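Shown below: work_11.tsv, with TSV, C-alpha atoms.
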chain	number	residue	atom	x	y	z
A	88	MET	CA	-7.13	-10.48	13.31
A	89	ARG	CA	-9.98	-12.51	11.88
A	90	VAL	CA	-13.23	-10.62	11.61
A	91	TYR	CA	-15.85	-12.86	10.07
A	92	GLY	CA	-18.64	-14.80	11.67
A	93	LEU	CA	-17.73	-16.37	14.98
A	94	GLY	CA	-14.04	-16.66	14.19
A	95	ARG	CA	-13.03	-15.56	17.65
A	96	VAL	CA	-14.71	-18.61	19.19
A	97	ARG	CA	-11.42	-20.39	18.55
A	98	LYS	CA	-9.96	-18.31	21.35
A	99	ALA	CA	-11.71	-20.63	23.79
A	100	ALA	CA	-9.09	-23.24	23.16
A	101	LEU	CA	-6.42	-20.73	24.06
A	102	GLY	CA	-7.71	-19.96	27.51
A	103	VAL	CA	-9.79	-16.83	27.17
A	104	VAL	CA	-11.48	-15.36	30.16
A	105	ALA	CA	-15.14	-14.67	30.70
A	106	LEU	CA	-16.52	-11.21	30.13
A	107	ALA	CA	-17.78	-10.90	33.68
A	108	ILE	CA	-14.64	-9.34	35.09
A	109	SER	CA	-14.94	-6.62	37.66
A	110	ALA	CA	-14.24	-3.03	36.74
A	111	SER	CA	-11.44	-2.91	39.26
A	112	MET	CA	-9.57	-5.62	37.40
A	113	PHE	CA	-9.67	-3.48	34.27
A	114	SER	CA	-8.09	-0.45	35.86
A	115	ALA	CA	-4.75	0.35	34.30
A	116	PRO	CA	-1.82	-0.70	36.49
A	117	THR	CA	0.63	2.01	37.37
A	118	ASP	CA	4.36	1.87	37.86
A	119	ALA	CA	5.88	4.84	39.60
A	120	SER	CA	9.30	3.94	38.26
A	121	ALA	CA	8.17	3.75	34.63
A	122	ALA	CA	9.66	6.46	32.45
A	123	ASN	CA	8.73	4.73	29.23
A	124	SER	CA	7.01	6.31	26.25
A	125	LEU	CA	5.20	4.87	23.24
A	126	SER	CA	7.11	5.57	20.05
A	127	MET	CA	4.96	3.35	17.79
A	128	LEU	CA	1.54	5.01	17.83
A	129	GLY	CA	-0.12	2.82	15.29
A	130	ALA	CA	-3.22	2.13	13.24
A	131	ASP	CA	-3.90	-0.82	10.96
A	132	VAL	CA	-5.84	0.72	8.06
A	133	SER	CA	-5.66	-2.21	5.66
A	134	SER	CA	-9.29	-1.78	4.56
A	135	ALA	CA	-9.02	1.97	3.92
A	136	GLN	CA	-7.73	1.72	0.37
A	137	ARG	CA	-10.81	-0.22	-0.76
A	138	ALA	CA	-13.13	2.09	1.17
A	139	LEU	CA	-11.64	5.16	-0.48
A	140	ASP	CA	-11.86	3.55	-3.90
A	141	LEU	CA	-15.57	3.01	-3.21
A	142	GLY	CA	-16.00	6.69	-2.42
A	143	ALA	CA	-16.00	6.55	1.38
A	144	ARG	CA	-15.82	9.88	3.15
A	145	TYR	CA	-14.03	10.51	6.42
A	146	TYR	CA	-14.69	13.50	8.66
A	147	ASN	CA	-12.54	15.03	11.37
A	148	ALA	CA	-13.75	16.25	14.75
A	149	ASN	CA	-14.79	19.57	13.19
A	150	GLY	CA	-16.98	17.78	10.67
A	151	ASN	CA	-14.71	18.52	7.72
A	152	ALA	CA	-14.00	15.84	5.14
A	153	ALA	CA	-10.33	14.83	5.00
A	154	ASP	CA	-8.01	11.98	4.16
A	155	PRO	CA	-8.33	9.37	6.93
A	156	LEU	CA	-4.56	9.24	7.32
A	157	ASP	CA	-4.48	12.99	7.95
A	158	ILE	CA	-7.27	12.66	10.50
A	159	LEU	CA	-5.49	9.83	12.31
A	160	LYS	CA	-2.17	11.68	12.21
A	161	GLY	CA	-3.91	14.64	13.83
A	162	LEU	CA	-5.02	12.31	16.64
A	163	GLY	CA	-1.43	11.21	17.28
A	164	VAL	CA	-0.84	8.31	14.87
A	165	ASN	CA	2.71	8.05	13.54
A	166	TYR	CA	2.80	4.43	12.32
A	167	ILE	CA	0.60	2.62	9.78
A	168	ARG	CA	0.23	-1.15	9.58
A	169	LEU	CA	-0.80	-2.79	6.30
A	170	ARG	CA	-1.52	-6.49	5.89
A	171	ILE	CA	-0.35	-8.23	2.75
A	172	TRP	CA	-1.91	-11.34	1.25
A	173	ASN	CA	-0.19	-13.27	-1.52
A	174	ASN	CA	-3.00	-13.51	-4.11
A	175	PRO	CA	-6.35	-12.60	-2.57
A	176	ALA	CA	-9.48	-12.99	-4.67
A	177	SER	CA	-10.53	-9.46	-3.73
A	178	GLY	CA	-7.61	-7.84	-5.54
A	179	TYR	CA	-6.94	-5.82	-2.38
A	180	ASN	CA	-4.17	-6.20	0.22
A	181	ASN	CA	-1.97	-7.75	-2.46
A	182	LYS	CA	1.52	-6.61	-3.42
A	183	ALA	CA	0.41	-4.06	-6.01
A	184	LYS	CA	-2.13	-2.42	-3.69
A	185	VAL	CA	0.26	-2.36	-0.75
A	186	LEU	CA	3.00	-0.78	-2.87
A	187	ALA	CA	0.58	1.91	-4.03
A	188	TYR	CA	-0.75	2.75	-0.58
A	189	ALA	CA	2.74	2.67	0.94
A	190	LYS	CA	3.53	5.73	-1.17
A	191	THR	CA	0.60	7.58	0.38
A	192	VAL	CA	1.59	6.52	3.88
A	193	LYS	CA	5.20	7.59	3.53
A	194	ALA	CA	4.30	10.84	1.76
A	195	LYS	CA	2.42	11.86	4.89
A	196	GLY	CA	5.49	11.31	7.04
A	197	LEU	CA	4.15	8.16	8.65
A	198	LYS	CA	6.16	5.03	9.37
A	199	LEU	CA	5.21	1.70	7.82
A	200	LEU	CA	4.71	-1.80	9.23
A	201	ILE	CA	4.04	-4.57	6.69
A	202	ASP	CA	2.08	-7.51	8.12
A	203	PHE	CA	2.86	-10.67	6.14
A	204	HIS	CA	0.05	-13.23	6.49
A	205	TYR	CA	1.69	-15.66	4.01
A	206	SER	CA	-1.78	-16.59	2.82
A	207	ASP	CA	-4.37	-15.56	0.25
A	208	THR	CA	-6.82	-14.84	3.05
A	209	TRP	CA	-7.03	-14.21	6.81
A	210	ALA	CA	-4.37	-15.85	8.96
A	211	ASP	CA	-4.92	-16.05	12.73
A	212	PRO	CA	-4.65	-18.60	15.55
A	213	GLY	CA	-7.54	-20.59	14.09
A	214	GLN	CA	-6.36	-20.77	10.49
A	215	GLN	CA	-3.07	-20.38	8.69
A	216	HIS	CA	-3.80	-21.49	5.14
A	217	LYS	CA	-0.96	-21.69	2.64
A	218	PRO	CA	-1.39	-19.47	-0.40
A	219	ALA	CA	-2.69	-21.50	-3.32
A	220	ALA	CA	0.59	-21.14	-5.20
A	221	TRP	CA	2.41	-22.88	-2.34
A	222	SER	CA	-0.23	-25.48	-1.53
A	223	GLY	CA	1.79	-28.51	-2.57
A	224	HIS	CA	5.09	-27.32	-1.11
A	225	GLY	CA	6.85	-29.07	1.77
A	226	ILE	CA	8.93	-27.42	4.46
A	227	GLY	CA	12.06	-27.21	2.33
A	228	GLN	CA	10.38	-25.34	-0.50
A	229	LEU	CA	8.34	-23.25	1.92
A	230	GLN	CA	11.53	-21.87	3.43
A	231	THR	CA	12.52	-20.67	-0.03
A	232	ASP	CA	9.01	-19.38	-0.68
A	233	VAL	CA	8.98	-17.30	2.50
A	234	TYR	CA	12.45	-15.91	1.82
A	235	ASN	CA	11.79	-15.02	-1.81
A	236	TYR	CA	8.35	-13.53	-1.22
A	237	THR	CA	9.45	-11.48	1.79
A	238	TYR	CA	12.55	-10.25	-0.01
A	239	ASP	CA	10.60	-9.40	-3.16
A	240	VAL	CA	7.96	-7.35	-1.35
A	241	CYS	CA	10.52	-5.59	0.83
A	242	THR	CA	12.89	-4.74	-2.03
A	243	SER	CA	9.99	-3.56	-4.19
A	244	LEU	CA	8.95	-1.20	-1.41
A	245	LYS	CA	12.54	-0.08	-0.97
A	246	ALA	CA	12.97	0.55	-4.71
A	247	GLN	CA	10.09	3.03	-4.75
A	248	GLY	CA	11.37	4.88	-1.71
A	249	THR	CA	9.01	3.36	0.85
A	250	THR	CA	11.27	0.97	2.74
A	251	PRO	CA	9.25	-0.65	5.55
A	252	ASP	CA	10.29	0.43	9.01
A	253	SER	CA	9.00	-2.87	10.42
A	254	VAL	CA	7.63	-6.16	9.13
A	255	GLN	CA	5.70	-8.96	10.77
A	256	ILE	CA	6.76	-12.47	9.86
A	257	GLY	CA	3.31	-14.01	10.16
A	258	ASN	CA	0.10	-12.83	11.78
A	259	GLU	CA	-1.12	-14.16	15.16
A	260	ILE	CA	0.95	-17.31	14.75
A	261	ASN	CA	0.13	-18.81	18.17
A	262	VAL	CA	0.67	-22.36	16.94
A	263	GLY	CA	2.58	-21.68	13.76
A	264	MET	CA	1.95	-20.61	10.18
A	265	LEU	CA	1.68	-22.17	6.71
A	266	TRP	CA	-0.16	-25.20	8.11
A	267	ASP	CA	0.33	-28.02	8.39
A	268	ASP	CA	4.04	-27.93	7.57
A	269	GLY	CA	4.71	-24.92	9.77
A	270	LYS	CA	2.32	-25.86	12.57
A	271	VAL	CA	3.70	-26.56	16.05
A	272	ILE	CA	2.67	-30.13	16.88
A	273	ASN	CA	3.71	-31.95	20.05
A	274	ASN	CA	5.73	-28.90	21.13
A	275	ASP	CA	8.03	-29.25	18.12
A	276	PHE	CA	9.01	-25.78	16.88
A	277	THR	CA	11.50	-27.02	14.29
A	278	ASN	CA	9.56	-26.28	11.10
A	279	LEU	CA	8.15	-23.01	12.34
A	280	SER	CA	11.61	-21.85	13.35
A	281	LEU	CA	12.92	-22.55	9.84
A	282	LEU	CA	10.18	-20.40	8.31
A	283	LEU	CA	10.70	-17.57	10.79
A	284	LYS	CA	14.44	-17.59	10.11
A	285	SER	CA	13.75	-17.35	6.37
A	286	GLY	CA	11.52	-14.32	6.88
A	287	TYR	CA	13.97	-12.66	9.23
A	288	ASN	CA	16.95	-13.23	6.94
A	289	ALA	CA	15.07	-11.95	3.89
A	290	THR	CA	14.04	-8.79	5.71
A	291	LYS	CA	17.56	-8.04	6.89
A	292	ALA	CA	18.99	-8.79	3.43
A	293	CYS	CA	16.59	-6.18	2.06
A	294	ASN	CA	17.28	-3.59	4.73
A	295	ALA	CA	19.23	-4.21	7.91
A	296	GLY	CA	17.43	-1.43	9.75
A	297	THR	CA	13.92	-2.82	9.26
A	298	LYS	CA	12.64	-4.25	12.54
A	299	VAL	CA	11.22	-7.77	12.54
A	300	VAL	CA	8.11	-8.37	14.63
A	301	ILE	CA	6.93	-11.84	15.64
A	302	HIS	CA	3.26	-11.57	16.50
A	303	THR	CA	0.95	-13.79	18.52
A	304	ALA	CA	-2.43	-13.31	20.18
A	305	ASP	CA	-0.96	-14.52	23.46
A	306	ALA	CA	-1.70	-11.52	25.66
A	307	ASP	CA	-4.30	-13.74	27.36
A	308	SER	CA	-1.73	-15.77	29.27
A	309	ASP	CA	1.89	-15.42	30.27
A	310	ALA	CA	2.14	-19.22	30.18
A	311	HIS	CA	0.96	-19.27	26.56
A	312	ALA	CA	3.30	-16.46	25.61
A	313	ARG	CA	6.28	-18.12	27.30
A	314	TRP	CA	5.48	-21.44	25.62
A	315	PHE	CA	5.61	-19.85	22.19
A	316	TYR	CA	8.53	-17.45	22.54
A	317	ASP	CA	10.58	-19.91	24.60
A	318	GLY	CA	9.93	-22.43	21.84
A	319	ILE	CA	11.25	-20.28	19.01
A	320	ALA	CA	14.10	-18.87	21.09
A	321	ALA	CA	15.29	-22.39	21.86
A	322	LYS	CA	15.54	-22.98	18.10
A	323	GLY	CA	17.70	-19.90	17.59
A	324	VAL	CA	15.06	-17.68	15.99
A	325	ALA	CA	16.00	-14.00	15.96
A	326	TRP	CA	13.49	-11.17	16.15
A	327	ASP	CA	13.51	-7.52	17.16
A	328	ILE	CA	10.05	-6.83	18.58
A	329	THR	CA	7.54	-9.07	20.35
A	330	GLY	CA	4.01	-8.35	19.09
A	331	LEU	CA	0.85	-9.22	21.04
A	332	SER	CA	-2.84	-8.84	20.24
A	333	TYR	CA	-5.00	-7.59	23.10
A	334	TYR	CA	-8.78	-7.34	23.09
A	335	CYS	CA	-10.17	-7.19	26.62
A	336	MET	CA	-13.22	-9.29	25.79
A	337	TRP	CA	-10.95	-12.16	24.74
A	338	HIS	CA	-7.68	-11.59	26.59
A	339	GLY	CA	-8.73	-10.53	30.07
A	340	SER	CA	-7.80	-7.75	32.41
A	341	LEU	CA	-5.37	-4.91	31.93
A	342	SER	CA	-3.48	-6.22	34.94
A	343	ASN	CA	-2.94	-9.43	33.02
A	344	LEU	CA	-1.81	-7.50	29.96
A	345	TYR	CA	0.64	-5.56	32.10
A	346	ASN	CA	2.13	-8.75	33.49
A	347	VAL	CA	2.52	-10.40	30.09
A	348	ILE	CA	4.17	-7.34	28.54
A	349	ALA	CA	6.54	-6.85	31.47
A	350	ASP	CA	7.54	-10.50	31.46
A	351	MET	CA	8.04	-10.64	27.69
A	352	LYS	CA	10.29	-7.58	27.81
A	353	SER	CA	12.43	-8.82	30.67
A	354	ARG	CA	12.53	-12.48	29.63
A	355	TYR	CA	13.73	-11.95	26.06
A	356	GLY	CA	15.31	-8.50	26.28
A	357	LYS	CA	13.30	-7.25	23.31
A	358	ASN	CA	10.89	-4.42	22.82
A	359	VAL	CA	7.17	-5.21	22.96
A	360	VAL	CA	4.23	-3.75	21.05
A	361	VAL	CA	0.51	-4.33	21.29
A	362	ALA	CA	0.10	-5.04	17.59
A	363	GLU	CA	-3.70	-5.06	17.72
A	364	THR	CA	-6.40	-3.70	19.98
A	365	ALA	CA	-9.89	-2.23	19.57
A	366	TYR	CA	-13.14	-1.66	21.45
A	367	PRO	CA	-16.79	-1.24	20.38
A	368	PHE	CA	-18.61	2.09	20.51
A	369	THR	CA	-21.99	0.37	20.15
A	370	SER	CA	-23.54	-3.09	20.17
A	371	ALA	CA	-25.71	-2.21	17.17
A	372	ASN	CA	-24.97	-3.51	13.69
A	373	ALA	CA	-24.80	-1.40	10.55
A	374	ASP	CA	-25.19	-4.04	7.86
A	375	SER	CA	-26.22	-7.61	7.04
A	376	THR	CA	-23.08	-9.20	8.48
A	377	ALA	CA	-23.10	-9.91	12.21
A	378	ASN	CA	-20.63	-7.99	14.33
A	379	SER	CA	-17.55	-9.90	15.41
A	380	VAL	CA	-17.86	-8.33	18.87
A	381	THR	CA	-21.22	-7.85	20.55
A	382	SER	CA	-20.22	-7.31	24.19
A	383	GLY	CA	-17.71	-5.17	26.01
A	384	CYS	CA	-15.81	-5.24	29.29
A	385	SER	CA	-16.80	-4.05	32.73
A	386	GLY	CA	-16.02	-0.42	33.31
A	387	TYR	CA	-16.25	0.52	29.64
A	388	PRO	CA	-19.72	1.25	28.25
A	389	LEU	CA	-20.40	0.59	24.58
A	390	THR	CA	-20.28	4.27	23.73
A	391	ARG	CA	-17.81	6.53	22.00
A	392	GLU	CA	-16.61	7.62	25.43
A	393	GLY	CA	-16.20	4.00	26.51
A	394	GLN	CA	-14.27	3.18	23.35
A	395	ALA	CA	-11.89	6.06	23.94
A	396	ALA	CA	-11.45	5.23	27.63
A	397	ASN	CA	-10.58	1.63	26.87
A	398	PHE	CA	-8.01	2.62	24.25
A	399	THR	CA	-6.47	5.17	26.61
A	400	ASP	CA	-6.18	2.57	29.37
A	401	VAL	CA	-4.63	0.01	27.01
A	402	GLN	CA	-2.02	2.59	26.02
A	403	ASN	CA	-1.36	3.54	29.63
A	404	THR	CA	-0.99	-0.10	30.64
A	405	ALA	CA	1.32	-0.89	27.75
A	406	ARG	CA	3.45	2.18	28.46
A	407	ASN	CA	3.71	1.45	32.18
A	408	ALA	CA	4.66	-2.17	31.49
A	409	GLY	CA	7.51	-1.06	29.24
A	410	ALA	CA	6.02	-1.53	25.76
A	411	ILE	CA	7.02	0.83	22.95
A	412	GLY	CA	3.83	0.85	20.91
A	413	VAL	CA	0.11	0.20	20.51
A	414	PHE	CA	-1.79	-0.29	17.23
A	415	TYR	CA	-5.54	0.13	16.86
A	416	TRP	CA	-6.89	-2.51	14.49
A	417	GLU	CA	-8.92	-1.21	11.54
A	418	PRO	CA	-10.13	2.15	12.90
A	419	THR	CA	-11.18	3.21	9.37
A	420	TRP	CA	-13.27	0.13	8.51
A	421	TYR	CA	-16.74	1.55	8.89
A	422	ALA	CA	-19.80	0.17	7.11
A	423	VAL	CA	-18.99	1.03	3.50
A	424	PRO	CA	-21.08	-1.13	1.12
A	425	GLY	CA	-18.78	-3.25	-1.00
A	426	ASN	CA	-15.93	-3.39	1.50
A	427	GLY	CA	-16.74	-6.73	3.08
A	428	TRP	CA	-14.76	-9.13	5.22
A	429	ASP	CA	-14.62	-11.98	2.70
A	430	PRO	CA	-11.84	-11.53	0.14
A	431	ALA	CA	-13.62	-14.06	-2.09
A	432	ASN	CA	-16.78	-11.92	-1.99
A	433	ILE	CA	-15.60	-8.48	-0.98
A	434	ALA	CA	-18.43	-6.68	-2.78
A	435	GLY	CA	-21.19	-8.95	-1.48
A	436	SER	CA	-20.18	-9.53	2.13
A	437	GLY	CA	-20.60	-7.06	4.98
A	438	ASP	CA	-18.34	-5.63	7.64
A	439	GLY	CA	-18.19	-7.34	11.04
A	440	TRP	CA	-16.11	-4.47	12.44
A	441	ASP	CA	-18.46	-1.53	11.88
A	442	ASN	CA	-19.07	-1.13	15.63
A	443	MET	CA	-15.33	-1.29	16.45
A	444	ALA	CA	-14.01	1.35	14.07
A	445	VAL	CA	-12.97	4.79	15.30
A	446	PHE	CA	-15.13	6.29	12.53
A	447	ASN	CA	-18.88	5.80	12.87
A	448	TRP	CA	-21.26	4.55	10.19
A	449	THR	CA	-21.27	7.86	8.35
A	450	GLY	CA	-17.53	8.43	8.62
A	451	GLN	CA	-17.31	10.84	11.58
A	452	VAL	CA	-14.28	10.23	13.76
A	453	ASN	CA	-14.61	9.60	17.48
A	454	PRO	CA	-13.19	12.89	18.80
A	455	ASN	CA	-12.37	11.32	22.17
A	456	VAL	CA	-9.82	8.82	20.81
A	457	ARG	CA	-6.18	9.85	21.03
A	458	TRP	CA	-2.85	8.14	20.49
A	459	THR	CA	-0.44	9.42	23.13
A	460	PRO	CA	3.29	8.83	23.54

For this file, write the structure as structure tokens.
Amino acid sequence: MRVYGLGRVRKAALGVVALAISASMFSAPTDASAANSLSMLGADVSSAQRALDLGARYYNANGNAADPLDILKGLGVNYIRLRIWNNPASGYNNKAKVLAYAKTVKAKGLKLLIDFHYSDTWADPGQQHKPAAWSGHGIGQLQTDVYNYTYDVCTSLKAQGTTPDSVQIGNEINVGMLWDDGKVINNDFTNLSLLLKSGYNATKACNAGTKVVIHTADADSDAHARWFYDGIAAKGVAWDITGLSYYCMWHGSLSNLYNVIADMKSRYGKNVVVAETAYPFTSANADSTANSVTSGCSGYPLTREGQAANFTDVQNTARNAGAIGVFYWEPTWYAVPGNGWDPANIAGSGDGWDNMAVFNWTGQVNPNVRWTP
């Protein structure tokens, strides 16, 4: 997920739909034969560590201050996703910080998903910058870089008793990662496949039971999703879980989401998770940085009730389509001064996600939001 400025404009090139979609199209599809349940009830709280260090307070539905992980666990969360950047200027979301917070996550009995961006900053469909330390490396060296870095992070987590339950090899890699060497150009998946194999092999060498997720933002189109996953499958890439981002304002109706999930599961015989989703509870802005999302989707008002209803319907749709999990993206990232979007200016930039978090601008949780199996 990229949260700054108008970063999501790049979705236009990937076939996003207009916001003016009827409420009926956003109703959650049902499947009478579905007996599936969601075992990965997830939250990406990658900004929480910085917020807490700045003194942020989080309040449960009763108005009592508590650890945000405890509050989320009480709402049904059982899985935490943490992004990792190689050497971010902010000093957050790096290896040392992820190792430290992983201890907190695991101590609370929560499972852990590590989201490798393989960058010093945000990686998404519109940008996949190499980390500075790898900037001059070609595809041969990059394969080694990905293997060594993935193995090092994973084994470091394992050594402290916080073995990751899942890892993502790349974040929203619709057209590849570690550009330009790992970018898919002219439908050639060769270089990307080599990088993905390196990440997969390193993960399994660290811990065979850790599940490997390959994540795109291709919930907008089954054709886009097939193009990508067919492309890597044809090159012999192995993965355990197919991850998709879904935001209704960019990716269309729940019926469309249902169809993409169902097809991905049947086509590749692998479990599917919605690795990212979120919805605004207001159109208002809490700070000097413009909100990344300023409009919603038909049928879901920009209220706390609308936010909860959208998340419930995403979970229901994913479950009915056969997915095994849904992750809310950055529910804890409310407008805490000093916890900005820009890793190069984390103290000086604002938060473009303050209207999308599950906690409001003073840290009170939305009591209507629930993660349900």

Of the residues A:Gly386, A:Gly409, A:Gly196, A:Gly129, which is the one nearest to A:Met351, using all atoms listed in the file?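 The answer is A:Gly409, which sits nearest to A:Met351.
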
Please measure the separation of atom CA of A:Leu141 and atom CA of A:Ala434, giving the value in Å to one decimal.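 Computing it gives 10.1 Å between the two atoms.
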
Using all atoms listed in the file, which protein or nucleic acid residues come within 9 Å of stretch 316-328 of chain A? Drop anything in the same chain fewer than 2 positions from it, and give the result as a short mmCIF file (atom, residue, chain, number, x, y, z; two decimals) with C-alpha atoms, keeping the file's coordinate frame.
data_model
loop_
_atom_site.label_atom_id
_atom_site.label_comp_id
_atom_site.auth_asym_id
_atom_site.auth_seq_id
_atom_site.Cartn_x
_atom_site.Cartn_y
_atom_site.Cartn_z
CA ASN A 274 5.73 -28.90 21.13
CA ASP A 275 8.03 -29.25 18.12
CA PHE A 276 9.01 -25.78 16.88
CA THR A 277 11.50 -27.02 14.29
CA LEU A 279 8.15 -23.01 12.34
CA SER A 280 11.61 -21.85 13.35
CA LEU A 281 12.92 -22.55 9.84
CA LEU A 283 10.70 -17.57 10.79
CA LYS A 284 14.44 -17.59 10.11
CA TYR A 287 13.97 -12.66 9.23
CA LYS A 298 12.64 -4.25 12.54
CA VAL A 299 11.22 -7.77 12.54
CA VAL A 300 8.11 -8.37 14.63
CA ILE A 301 6.93 -11.84 15.64
CA HIS A 302 3.26 -11.57 16.50
CA HIS A 311 0.96 -19.27 26.56
CA ALA A 312 3.30 -16.46 25.61
CA ARG A 313 6.28 -18.12 27.30
CA TRP A 314 5.48 -21.44 25.62
CA GLY A 330 4.01 -8.35 19.09
CA MET A 351 8.04 -10.64 27.69
CA TYR A 355 13.73 -11.95 26.06
CA LYS A 357 13.30 -7.25 23.31
CA ASN A 358 10.89 -4.42 22.82
CA VAL A 359 7.17 -5.21 22.96
CA VAL A 360 4.23 -3.75 21.05
#

Figure out the distance between atom CA of A:Asn447 and atom CA of A:Gln136, please, to one decimal in Å.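 The value is 17.2 Å.
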
I want to know what sits within 12 Å of A:Ala187, based on only C-alpha atoms, with residues of the same chain fewer than 4 positions away left out; could you give that as number ranges by chain? A: 136, 169, 179-183, 191-194, 243-244, 247-249

Show me, as JSON lines, the residues of stretch 258-306 of chain A having an atom within 7 Å of stretch 212-230 of chain A, each with the closest atom pair and its distance in Å, using all atoms listed in the file.
{"residue": "A:Glu259", "atom": "CA", "partner": "A:Pro212", "partner_atom": "CA", "distance": 5.7}
{"residue": "A:Ile260", "atom": "CA", "partner": "A:Pro212", "partner_atom": "CA", "distance": 5.8}
{"residue": "A:Asn261", "atom": "CA", "partner": "A:Pro212", "partner_atom": "CA", "distance": 5.5}
{"residue": "A:Val262", "atom": "CA", "partner": "A:Pro212", "partner_atom": "CA", "distance": 6.7}
{"residue": "A:Met264", "atom": "CA", "partner": "A:Gln215", "partner_atom": "CA", "distance": 5.2}
{"residue": "A:Leu265", "atom": "CA", "partner": "A:Lys217", "partner_atom": "CA", "distance": 4.9}
{"residue": "A:Trp266", "atom": "CA", "partner": "A:Gln215", "partner_atom": "CA", "distance": 5.7}
{"residue": "A:Asp268", "atom": "CA", "partner": "A:Ile226", "partner_atom": "CA", "distance": 5.8}
{"residue": "A:Asn278", "atom": "CA", "partner": "A:Ile226", "partner_atom": "CA", "distance": 6.8}
{"residue": "A:Leu281", "atom": "CA", "partner": "A:Gln230", "partner_atom": "CA", "distance": 6.6}
{"residue": "A:Leu282", "atom": "CA", "partner": "A:Gln230", "partner_atom": "CA", "distance": 5.3}
{"residue": "A:Ser285", "atom": "CA", "partner": "A:Gln230", "partner_atom": "CA", "distance": 5.8}

Using all atoms listed in the file, which of the listed residues (A:Ala371, A:Val361, A:Ala377, A:Ala130) sits closest to A:Trp428?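 Smallest separation from A:Trp428 among the options: A:Ala377.
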